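These notes are about the structure you will find just below.
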Amino acid sequence: MRSAFFVLLGSMLCACAAEKLHLVRPMEYMGLRDASAAVPVSSNLFIVADDEKNTLRLYSAEKAGRPLREFDFDTFLEVTSKSPEADLEGAALIGRRAFWIGSHGRNKNGKERLNRHRLFATDIAITNGEVTLAPVGKPYKRLLGDLLQDGRFAEFRLADASTHLPKDPDGLNIEGLSATPEDHLLLGFRNPTPHGKALLIPLLNPNEVVEGKSARFDTATLLDLDGLGIRDMALFGGSYFIIAGPAHSGKGFEFYRWAGSGSPPQKFSVKHLDDYHPEAIVIYPDKGFHEIQILSDDGNRPVNGIPGKELGDSAPKTFRSFWLTDQPKE
């Protein structure tokens, strides 16, 4: 009953919102810079991925600081030693199983990096207050090939896009991943943006894929997000909350709520958003759309005037979090 109440409450609040969200409770976490994807673990814990490392980290949603636990997936992901990062960019939770996806794009110099072709799953458990993260099956490496073989997607020229720089408008970059009401997964593309619209492709058999079966897809959707692509998205109560952004590395992020096929996305305004680089959404079941946690990918945030990722491991590793609420600031 309590869960059903909060689903209803979140839907009512969002339906009545005046297209404005308030940015509150900014915090700074330690341990990584490039917070790129995340899932909730409980009402006050979340696990976040780093697009520079293959380590997933557990944090408290209520108290900033160092990670509570770290989970190294280098061996499980079967990455090669040259450029080993899987470039993890999206995450989604179906039940207690979290799915994680690499960008499937090239590196910033346009070189092919097959280590980025990864979709994998982890089962989350909490026993006596201890969070464990167990890998499921094997990492799936053929997702891009499956997409290219599906004739329904030929008009999007994904084969050509996969040969371009990942942040070019015509490049290929998967950055969003969400569960659907049917317990499928929805792939969200940062680019390409066909006809100036964000590309979404449903993956129908995520549990089979991580056991080695070929991916099966449903019909693609083109979503009008004012020319922007998908940076992250998350499902709650049958609707999606979406971070949209440009193909390039600059500013220009927007937030939307989308009720699914046949509905236009609702755009929100957020003051001070350009102070951050939003890349990951965490929606907690007891909060719903009433209060949403957003993580900032701070890899390019300057440290003494130099982007942090250019300083390597010598510089402090931090990323920021903030919350979006439909309630006015106190």
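We label chains A, B, ... in the order they appear in the structure tokens, count residues from 1 in each chain, and number ligands from 1 in the order shown.
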As a tab-separated table (two decimals) with N, CA and C atoms, in the first residue's frame, please: all residues of region 25-141 of chain A that backbone DSSP puts in helix (DSSP H, G or I).
chain	number	residue	atom	x	y	z
A	74	ASP	N	36.70	-5.36	-13.78
A	74	ASP	CA	37.66	-5.52	-14.87
A	74	ASP	C	37.69	-6.96	-15.39
A	75	THR	N	37.85	-7.91	-14.49
A	75	THR	CA	37.97	-9.31	-14.90
A	75	THR	C	36.68	-9.82	-15.52
A	76	PHE	N	35.56	-9.53	-14.89
A	76	PHE	CA	34.27	-10.00	-15.41
A	76	PHE	C	33.98	-9.45	-16.80
A	77	LEU	N	34.34	-8.20	-17.05
A	77	LEU	CA	34.03	-7.57	-18.34
A	77	LEU	C	34.94	-8.05	-19.47
A	114	LEU	N	36.75	-1.84	-28.79
A	114	LEU	CA	35.76	-2.90	-28.59
A	114	LEU	C	35.45	-3.14	-27.12
A	115	ASN	N	36.32	-2.69	-26.21
A	115	ASN	CA	36.02	-2.82	-24.78
A	115	ASN	C	34.76	-2.04	-24.39
A	116	ARG	N	34.38	-1.07	-25.22
A	116	ARG	CA	33.20	-0.26	-24.92
A	116	ARG	C	31.91	-0.95	-25.35
Mind dumping a table of every region 105-218 of chain A residue within 12 Å of region 271-289 of chain A, with the nearest atom pair and its distance in Å to one decimal, using only C-alpha atoms, sorted by chain and rising number, as JSON lines?
{"residue": "A:Glu175", "atom": "CA", "partner": "A:Glu279", "partner_atom": "CA", "distance": 8.5}
{"residue": "A:Gly176", "atom": "CA", "partner": "A:Ala280", "partner_atom": "CA", "distance": 8.7}
{"residue": "A:Leu177", "atom": "CA", "partner": "A:Ala280", "partner_atom": "CA", "distance": 10.1}
{"residue": "A:Ser178", "atom": "CA", "partner": "A:Ile281", "partner_atom": "CA", "distance": 10.1}
{"residue": "A:Arg190", "atom": "CA", "partner": "A:Glu279", "partner_atom": "CA", "distance": 10.9}
Point-to-point distance from CA of Phe99 (chain A) to CA of Ala38 (chain A), Å rounded to tenths: 10.0 Å
CA of Trp258 (chain A) to CA of Trp100 (chain A): how many Å, to one decimal? 21.9 Å
Could you pull the residues within 8 Å of Pro26 (chain A), counting only C-alpha atoms, minus those fewer than 6 positions along the same chain, as a ChimeraX atom specification? /A:320-323
Please identify all polymer residues within 9 Å of His22 (chain A), counting only C-alpha atoms, omitting same-chain residues fewer than 2 positions from it, and present them as an MDAnalysis selection string. chainID A and resid 20 24 269:271 323:329
Just the residues within 12 Å of Asn304 (chain A), please, counting only C-alpha atoms, with nothing from its chain fewer than 6 positions along; format it as a count of residues only. 4
Given only C-alpha atoms, how would the per-residue table for region 23-140 of chain A near region 204-222 of chain A read, listing every residue at most 10 Å away with its closest atom pair and distance in Å to one decimal, sorted by chain and number, as JSON lines?
{"residue": "A:Ile94", "atom": "CA", "partner": "A:Pro206", "partner_atom": "CA", "distance": 9.8}
{"residue": "A:Arg97", "atom": "CA", "partner": "A:Asn207", "partner_atom": "CA", "distance": 9.4}
{"residue": "A:Phe99", "atom": "CA", "partner": "A:Pro206", "partner_atom": "CA", "distance": 8.3}
{"residue": "A:Leu119", "atom": "CA", "partner": "A:Val210", "partner_atom": "CA", "distance": 7.5}
{"residue": "A:Phe120", "atom": "CA", "partner": "A:Val210", "partner_atom": "CA", "distance": 6.1}
{"residue": "A:Ala121", "atom": "CA", "partner": "A:Val210", "partner_atom": "CA", "distance": 6.8}
{"residue": "A:Thr122", "atom": "CA", "partner": "A:Val210", "partner_atom": "CA", "distance": 9.9}
{"residue": "A:Pro135", "atom": "CA", "partner": "A:Val210", "partner_atom": "CA", "distance": 9.9}
{"residue": "A:Val136", "atom": "CA", "partner": "A:Val210", "partner_atom": "CA", "distance": 7.0}
{"residue": "A:Gly137", "atom": "CA", "partner": "A:Glu211", "partner_atom": "CA", "distance": 5.1}
{"residue": "A:Lys138", "atom": "CA", "partner": "A:Val210", "partner_atom": "CA", "distance": 5.6}
{"residue": "A:Pro139", "atom": "CA", "partner": "A:Val210", "partner_atom": "CA", "distance": 6.1}
{"residue": "A:Tyr140", "atom": "CA", "partner": "A:Val210", "partner_atom": "CA", "distance": 5.7}
Can I get the selection written as a PDB file, in the first residue's frame, with C-alpha atoms?
ATOM      1  CA  ILE A  94      14.629  -4.248 -13.158  1.00  0.00           C
ATOM      2  CA  ARG A  97      18.894  -6.702 -11.138  1.00  0.00           C
ATOM      3  CA  PHE A  99      21.881  -3.524 -16.095  1.00  0.00           C
ATOM      4  CA  LEU A 119      26.057  -4.749 -21.752  1.00  0.00           C
ATOM      5  CA  PHE A 120      26.050  -6.619 -18.461  1.00  0.00           C
ATOM      6  CA  ALA A 121      23.955  -7.282 -15.378  1.00  0.00           C
ATOM      7  CA  THR A 122      24.511  -7.464 -11.632  1.00  0.00           C
ATOM      8  CA  PRO A 135      27.655 -10.454 -11.811  1.00  0.00           C
ATOM      9  CA  VAL A 136      25.084 -12.343 -13.885  1.00  0.00           C
ATOM     10  CA  GLY A 137      25.904 -14.566 -16.852  1.00  0.00           C
ATOM     11  CA  LYS A 138      28.470 -12.924 -19.121  1.00  0.00           C
ATOM     12  CA  PRO A 139      28.939  -9.432 -20.569  1.00  0.00           C
ATOM     13  CA  TYR A 140      27.229  -9.122 -23.942  1.00  0.00           C
TER      14      TYR A 140
END
Which of these residues is nearest to Gly238 (chain A), using only C-alpha atoms: A:Thr180, A:Ser42, A:Ser263, A:Gln149?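 So, comparing all the options, the nearest one is A:Thr180.
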